[in-house]
file target-v2.txt (compact mmCIF, C-alpha atoms and all ligand atoms)
# COMPACT_ATOMS: atom_id res chain seq x y z
CA MET K 1 196.41 27.49 107.24
CA LYS K 2 192.65 27.22 107.80
CA LYS K 3 191.28 24.44 109.97
CA HIS K 4 188.42 23.50 112.25
CA LYS K 5 189.24 24.48 115.76
CA LYS K 6 187.51 24.13 119.13
CA VAL K 7 187.28 27.66 120.43
CA TYR K 8 186.09 28.99 123.79
CA VAL K 9 183.47 31.37 122.39
CA TYR K 10 181.17 32.08 125.33
CA GLN K 11 182.70 33.01 128.66
CA GLY K 12 181.29 31.91 132.02
CA PHE K 13 179.44 35.12 132.82
CA GLU K 14 178.08 35.33 129.28
CA ARG K 15 176.49 31.91 129.61
CA PHE K 16 175.22 32.66 133.12
CA TRP K 17 173.66 35.89 131.86
CA HIS K 18 172.18 34.26 128.73
CA TRP K 19 170.47 31.37 130.54
CA ASN K 20 169.22 33.46 133.45
CA GLN K 21 167.84 36.01 130.98
CA ALA K 22 166.11 33.18 129.09
CA LEU K 23 164.59 31.83 132.32
CA LEU K 24 163.47 35.28 133.51
CA ILE K 25 161.93 36.16 130.13
CA PHE K 26 160.10 32.82 130.20
CA ILE K 27 158.73 33.56 133.71
CA LEU K 28 157.87 37.18 132.77
CA ALA K 29 156.05 36.03 129.64
CA ILE K 30 154.06 33.25 131.37
CA THR K 31 152.99 35.55 134.24
CA GLY K 32 152.66 38.68 132.05
CA PHE K 33 150.19 37.10 129.66
CA GLU K 34 148.20 35.78 132.62
CA ILE K 35 148.04 39.37 133.97
CA HIS K 36 146.93 40.35 130.46
CA SER K 37 144.07 37.80 130.90
CA SER K 38 145.22 35.61 128.01
CA TYR K 39 144.69 32.52 130.23
CA LYS K 40 144.33 31.43 133.86
CA LEU K 41 147.21 29.48 135.36
CA LEU K 42 148.52 30.72 138.71
CA GLY K 43 145.81 33.21 139.58
CA PHE K 44 146.06 36.97 139.00
CA GLU K 45 147.55 37.90 142.41
CA THR K 46 150.27 35.22 142.26
CA ALA K 47 151.05 36.09 138.63
CA VAL K 48 151.53 39.76 139.59
CA GLU K 49 153.71 38.83 142.57
CA ILE K 50 155.96 36.53 140.52
CA HIS K 51 156.05 38.99 137.60
CA ASN K 52 157.27 41.76 139.92
CA LYS K 53 159.95 39.57 141.53
CA ALA K 54 161.18 38.28 138.16
CA ALA K 55 161.19 41.88 136.84
CA TRP K 56 163.54 42.98 139.66
CA GLY K 57 165.73 39.94 138.97
CA PHE K 58 165.81 40.92 135.29
CA ILE K 59 166.77 44.52 136.11
CA ILE K 60 169.63 43.39 138.40
CA LEU K 61 170.85 40.96 135.71
CA ILE K 62 170.74 43.74 133.10
CA ILE K 63 172.88 45.99 135.33
CA PHE K 64 175.53 43.25 135.70
CA ALA K 65 175.36 42.49 131.95
CA ILE K 66 175.90 46.16 131.03
CA PHE K 67 178.94 46.25 133.36
CA TRP K 68 180.30 43.04 131.81
CA HIS K 69 179.81 44.23 128.22
CA PHE K 70 181.71 47.45 128.85
CA THR K 71 184.53 46.02 130.96
CA THR K 72 185.27 43.20 128.47
CA GLY K 73 184.72 45.27 125.30
CA GLU K 74 182.07 42.73 124.22
CA TRP K 75 179.70 45.60 123.44
CA LYS K 76 181.58 45.90 120.14
CA GLN K 77 179.96 42.65 119.00
CA TYR K 78 176.75 44.62 118.46
CA ILE K 79 178.14 47.40 116.27
CA PRO K 80 175.92 47.19 113.18
CA THR K 81 177.37 46.54 109.74
CA THR K 82 175.88 46.35 106.26
CA LYS K 83 178.65 44.01 105.10
CA ASN K 84 177.07 40.65 104.26
CA LEU K 85 173.68 41.87 105.50
CA MET K 86 171.81 41.05 102.28
CA ALA K 87 173.77 37.82 101.85
CA GLN K 88 172.78 36.80 105.37
CA ALA K 89 169.10 37.61 104.74
CA GLN K 90 169.20 35.65 101.47
CA PHE K 91 170.81 32.75 103.30
CA TYR K 92 167.98 32.58 105.85
CA LEU K 93 165.30 32.96 103.16
CA LEU K 94 166.72 30.63 100.51
CA GLY K 95 170.27 29.33 100.93
CA ILE K 96 169.60 27.53 104.18
CA PHE K 97 167.08 25.25 102.43
CA LYS K 98 169.63 24.39 99.71
CA ASN K 99 172.50 23.60 102.04
CA ALA K 100 174.37 26.73 100.95
CA PRO K 101 177.40 27.69 103.05
CA HIS K 102 176.94 30.23 105.85
CA PRO K 103 177.82 33.66 104.40
CA THR K 104 179.34 34.89 107.68
CA GLN K 105 182.09 33.06 109.52
CA LYS K 106 181.82 33.19 113.29
CA THR K 107 185.06 34.32 114.92
CA LEU K 108 185.96 35.31 118.47
CA LEU K 109 186.01 38.97 117.52
CA SER K 110 182.76 38.71 115.56
CA LYS K 111 180.39 36.16 117.06
CA LEU K 112 177.25 37.63 115.52
CA ASN K 113 176.26 37.76 111.87
CA PRO K 114 175.10 41.18 110.54
CA LEU K 115 171.40 40.34 111.03
CA GLN K 116 171.99 39.18 114.59
CA ARG K 117 173.95 42.36 115.30
CA LEU K 118 170.99 44.49 114.17
CA VAL K 119 168.33 42.46 115.94
CA TYR K 120 170.25 42.16 119.23
CA LEU K 121 171.12 45.86 119.17
CA GLY K 122 167.43 46.72 118.62
CA LEU K 123 166.50 44.45 121.48
CA LYS K 124 169.07 46.00 123.82
CA LEU K 125 168.55 49.63 122.89
CA LEU K 126 164.83 49.64 122.19
CA VAL K 127 162.69 46.66 123.18
CA ILE K 128 164.23 45.84 126.58
CA PRO K 129 164.45 49.51 127.71
CA VAL K 130 160.81 49.98 126.66
CA MET K 131 159.81 46.90 128.67
CA VAL K 132 161.79 47.99 131.73
CA ILE K 133 160.60 51.62 131.66
CA SER K 134 156.95 50.81 130.94
CA GLY K 135 157.12 47.99 133.52
CA LEU K 136 158.54 50.31 136.19
CA LEU K 137 155.90 52.96 135.40
CA PHE K 138 153.30 50.22 135.73
CA MET K 139 154.82 49.16 139.05
CA PHE K 140 155.15 52.60 140.61
CA TYR K 141 151.79 53.76 139.37
CA ARG K 142 150.24 51.05 141.48
CA TYR K 143 152.92 49.74 143.86
CA PRO K 144 153.68 50.92 146.43
CA HIS K 145 152.53 54.49 145.88
CA GLY K 146 149.03 53.95 144.56
CA THR K 147 147.95 57.41 145.60
CA GLN K 148 150.84 59.32 144.03
CA ILE K 149 149.66 59.14 140.45
CA GLU K 150 150.13 62.88 140.02
CA MET K 151 153.82 62.60 140.87
CA ILE K 152 154.62 60.66 137.70
CA ASN K 153 151.85 62.39 135.85
CA ILE K 154 150.13 59.37 134.39
CA ASP K 155 146.46 59.95 133.63
CA ASN K 156 145.70 56.32 133.12
CA LEU K 157 147.43 53.02 132.68
CA GLU K 158 146.03 52.25 129.25
CA ILE K 159 148.87 53.67 127.18
CA ILE K 160 151.49 52.05 129.43
CA ALA K 161 149.70 48.70 129.30
CA LEU K 162 149.54 49.00 125.51
CA ILE K 163 153.24 49.80 125.15
CA HIS K 164 154.24 47.07 127.63
CA THR K 165 152.05 44.49 125.88
CA ALA K 166 153.33 45.48 122.41
CA GLY K 167 156.87 45.06 123.78
CA ALA K 168 155.89 41.65 125.17
CA PHE K 169 154.73 40.56 121.69
CA ALA K 170 158.03 41.82 120.21
CA VAL K 171 159.96 39.80 122.81
CA MET K 172 157.85 36.72 121.98
CA ALA K 173 158.52 37.16 118.23
CA PHE K 174 162.23 37.41 119.01
CA VAL K 175 162.13 34.27 121.18
CA LEU K 176 160.37 32.24 118.45
CA VAL K 177 162.87 33.26 115.74
CA HIS K 178 165.75 32.78 118.19
CA LEU K 179 164.63 29.21 119.00
CA TYR K 180 164.50 28.38 115.30
CA LEU K 181 167.89 29.96 114.59
CA ILE K 182 169.49 27.94 117.39
CA THR K 183 169.07 24.91 115.12
CA THR K 184 170.75 26.51 112.11
CA GLY K 185 174.40 26.19 113.19
CA HIS K 186 176.86 23.77 111.61
CA THR K 187 174.87 20.96 113.14
CA ILE K 188 171.37 21.15 114.63
CA THR K 189 172.75 21.27 118.19
CA SER K 190 176.09 23.05 117.75
CA ASN K 191 174.83 26.51 118.73
CA LEU K 192 173.01 25.13 121.78
CA LYS K 193 176.05 23.12 122.92
CA ALA K 194 178.24 26.20 122.53
CA MET K 195 176.00 28.27 124.81
CA ILE K 196 175.97 25.45 127.39
CA THR K 197 179.68 24.54 127.41
CA GLY K 198 181.24 27.73 126.02
CA TRP K 199 183.15 25.72 123.38
CA GLU K 200 182.37 25.63 119.68
CA ASP K 201 183.99 24.18 116.55
CA LEU K 202 184.77 27.15 114.35
CA ASP K 203 185.59 26.90 110.66
CA GLY K 204 188.44 28.62 108.96
CA VAL K 205 190.19 29.72 112.12
CA GLU K 206 193.67 30.85 111.17
CA THR K 207 196.06 28.45 112.86
CA ASP K 208 199.75 27.91 113.03
CA GLU K 209 201.05 25.33 110.48
CA ASN K 210 202.21 23.19 113.40
CA ASP K 211 198.84 23.19 115.17
CA ASN K 212 196.92 19.94 115.59
CA ASP K 213 193.43 19.67 114.10
CA ASP K 214 191.93 18.96 117.48
CA GLN K 215 193.69 21.84 119.17
CA GLN K 216 191.66 23.89 121.60
CA THR K 217 191.88 27.62 121.97
CA LYS K 218 190.85 29.34 125.15
CA THR K 219 190.76 33.08 124.95
CA THR K 220 189.54 35.63 127.39
CA GLY K 221 188.57 39.22 126.78
CA ASN K 222 187.42 38.41 123.24
CA GLY K 223 186.29 41.45 121.40
CA SER K 224 188.44 43.73 123.51
CA GLU K 225 191.16 43.89 120.93
C1 LIG K 301 162.00 44.56 133.95
C2 LIG K 301 161.06 44.32 133.11
C3 LIG K 301 159.60 44.30 133.45
C4 LIG K 301 158.90 44.97 134.43
C5 LIG K 301 159.45 45.96 135.45
C6 LIG K 301 157.51 44.58 134.31
C7 LIG K 301 156.49 45.00 135.13
C8 LIG K 301 155.14 44.76 134.93
C9 LIG K 301 154.05 45.22 135.76
C10 LIG K 301 154.21 46.03 137.05
C11 LIG K 301 152.89 44.79 135.22
C12 LIG K 301 151.48 45.08 135.74
C13 LIG K 301 151.02 44.10 136.73
C14 LIG K 301 149.65 44.47 137.25
O1 LIG K 301 148.73 44.68 136.45
O2 LIG K 301 149.50 44.58 138.45
C15 LIG K 301 153.23 44.07 134.01
C16 LIG K 301 152.32 43.51 133.16
C17 LIG K 301 152.65 42.75 132.05
N1 LIG K 301 153.92 42.36 131.69
FE1 LIG K 301 155.65 43.02 132.48
N2 LIG K 301 157.38 43.70 133.27
C18 LIG K 301 158.64 43.51 132.73
C19 LIG K 301 158.99 42.66 131.70
C20 LIG K 301 158.09 41.93 130.97
C21 LIG K 301 158.45 41.01 129.91
C22 LIG K 301 159.87 40.68 129.48
C23 LIG K 301 157.27 40.53 129.42
C24 LIG K 301 157.01 39.53 128.32
C25 LIG K 301 157.89 38.90 127.64
C26 LIG K 301 156.19 41.15 130.13
C27 LIG K 301 154.85 40.97 129.88
C28 LIG K 301 153.82 41.59 130.54
C29 LIG K 301 152.43 41.53 130.13
C30 LIG K 301 151.88 40.82 128.89
C31 LIG K 301 151.70 42.26 131.07
C32 LIG K 301 150.19 42.51 131.06
C33 LIG K 301 149.91 43.87 130.45
C34 LIG K 301 148.42 44.22 130.46
O3 LIG K 301 147.67 43.54 129.78
O4 LIG K 301 148.03 45.16 131.13
N3 LIG K 301 156.72 41.99 131.08
N4 LIG K 301 154.60 44.04 133.87

call {"tool": "encode", "arguments": {"input": "target-v2.txt", "output": "structure tokens"}}
result
Amino acid sequence: MKKHKKVYVYQGFERFWHWNQALLIFILAITGFEIHSSYKLLGFETAVEIHNKAAWGFIILIIFAIFWHFTTGEWKQYIPTTKNLMAQAQFYLLGIFKNAPHPTQKTLLSKLNPLQRLVYLGLKLLVIPVMVISGLLFMFYRYPHGTQIEMINIDNLEIIALIHTAGAFAVMAFVLVHLYLITTGHTITSNLKAMITGWEDLDGVETDENDNDDQQTKTTGNGSE
């Protein structure tokens, strides 16, 4: 029968990766837009130094995250689907304001709704690689081989700066929407709590007739069915 059930949705590494990524993106954005001359906060030199260090931290975290996604099978969470895609878009545009039910049920094997799958996949396959590659070109154009411009064949930094800044705006747009969507779970804080503790109350989880309502399910290797 279908019941509410406390489920261990986000594993330890997943939460570690998520929060460190959030912190690093925050640091990269604050320092990046100072480098871009949007404001003055730390001073240009310090902003560049911190941006470079955070960028290396981000790259190392990405390498571990890729390893984790493939060894656990969690990469399958991002396989795009058109099933419920329109319903999900309609929910965010209209239904959510009329207290309509969520069109997609979160389960251990499918934690992301079809819109999230698309957006996260785009972020992982397009926006983040563009940021990393343009950032590294930026770095190695100037640091530490300032005289070896010919080697990577970059005539000037303008196009790289433009691509990197456009990517930064895309990341910022994602962060804004993401912060809003955090509040759209079953309760205003349920998504946030789940990413902090790992545990979330999931609806309609198939349970054994003899199960208790407050039963907890801890599963590892979710998605690696
Ligand atoms: C691993 C990823 C990243 C690397 C390797 C990287 C590297 C760099 C480098 C080397 C610079 C140039 C610093 C200078 O002028 O001396 C730069 C600039 C900048 N970065 Fe990043 N960055 C990365 C990620 C990010 C992220 C995630 C954001 C924002 C969310 C961001 C925003 C910016 C901005 C706005 C600039 C200024 C661009 C300009 O106006 O010329 N970066 N980045």

call {"tool": "residues_near_ligand", "arguments": {"input": "target-v2.txt", "ligand": "ligand LIG 301 (chain K)", "cutoff": "6 Å", "atoms": "all atoms listed in the file", "output": "tab-separated table (two decimals) with C-alpha atoms, in the coordinates of the input"}}
result
chain	number	residue	atom	x	y	z
K	25	ILE	CA	161.93	36.16	130.13
K	28	LEU	CA	157.87	37.18	132.77
K	29	ALA	CA	156.05	36.03	129.64
K	32	GLY	CA	152.66	38.68	132.05
K	33	PHE	CA	150.19	37.10	129.66
K	35	ILE	CA	148.04	39.37	133.97
K	36	HIS	CA	146.93	40.35	130.46
K	48	VAL	CA	151.53	39.76	139.59
K	52	ASN	CA	157.27	41.76	139.92
K	55	ALA	CA	161.19	41.88	136.84
K	58	PHE	CA	165.81	40.92	135.29
K	59	ILE	CA	166.77	44.52	136.11
K	131	MET	CA	159.81	46.90	128.67
K	132	VAL	CA	161.79	47.99	131.73
K	135	GLY	CA	157.12	47.99	133.52
K	136	LEU	CA	158.54	50.31	136.19
K	138	PHE	CA	153.30	50.22	135.73
K	139	MET	CA	154.82	49.16	139.05
K	161	ALA	CA	149.70	48.70	129.30
K	165	THR	CA	152.05	44.49	125.88
K	168	ALA	CA	155.89	41.65	125.17
K	171	VAL	CA	159.96	39.80	122.81

call {"tool": "atom_distance", "arguments": {"input": "target-v2.txt", "atom1": "atom CA of K:Thr184", "atom2": "atom CA of K:Phe70"}}
result
29.0 Å

call {"tool": "closest_residue", "arguments": {"input": "target-v2.txt", "among": "K:Leu181, K:Val175, K:Leu157, K:Ile30", "to": "K:Ile50", "atoms": "all atoms listed in the file"}}
result
K:Ile30

call {"tool": "atom_distance", "arguments": {"input": "target-v2.txt", "atom1": "atom CA of K:Ile60", "atom2": "atom CA of K:Ser37"}}
result
27.2 Å

call {"tool": "atom_distance", "arguments": {"input": "target-v2.txt", "atom1": "atom CA of K:Leu176", "atom2": "atom CA of K:Leu123"}}
result
14.0 Å

call {"tool": "closest_residue", "arguments": {"input": "target-v2.txt", "among": "K:Ile163, K:Ala22, K:Leu94, K:Leu85", "to": "K:Arg117", "atoms": "all atoms listed in the file"}}
result
K:Leu85

call {"tool": "closest_residue", "arguments": {"input": "target-v2.txt", "among": "K:Ser190, K:Gln11, K:Asn84, K:Gln90", "to": "K:Gln105", "atoms": "all atoms listed in the file"}}
result
K:Asn84

call {"tool": "residues_around", "arguments": {"input": "target-v2.txt", "residues": "stretch 97-104 of chain K", "least_positions_apart": "4", "cutoff": "9 Å", "atoms": "only C-alpha atoms", "output": "count of residues only"}}
result
11

call {"tool": "closest_residue", "arguments": {"input": "target-v2.txt", "among": "K:Leu125, K:Ala89, K:Ala173, K:Leu109", "to": "K:Tyr8", "atoms": "only C-alpha atoms"}}
result
K:Leu109

call {"tool": "residues_near_point", "arguments": {"input": "target-v2.txt", "point": "(177.9, 26.1, 125.8)", "cutoff": "12 Å", "atoms": "all atoms listed in the file", "output": "ChimeraX atom specification"}}
result
/K:6-16,18-19,189-201
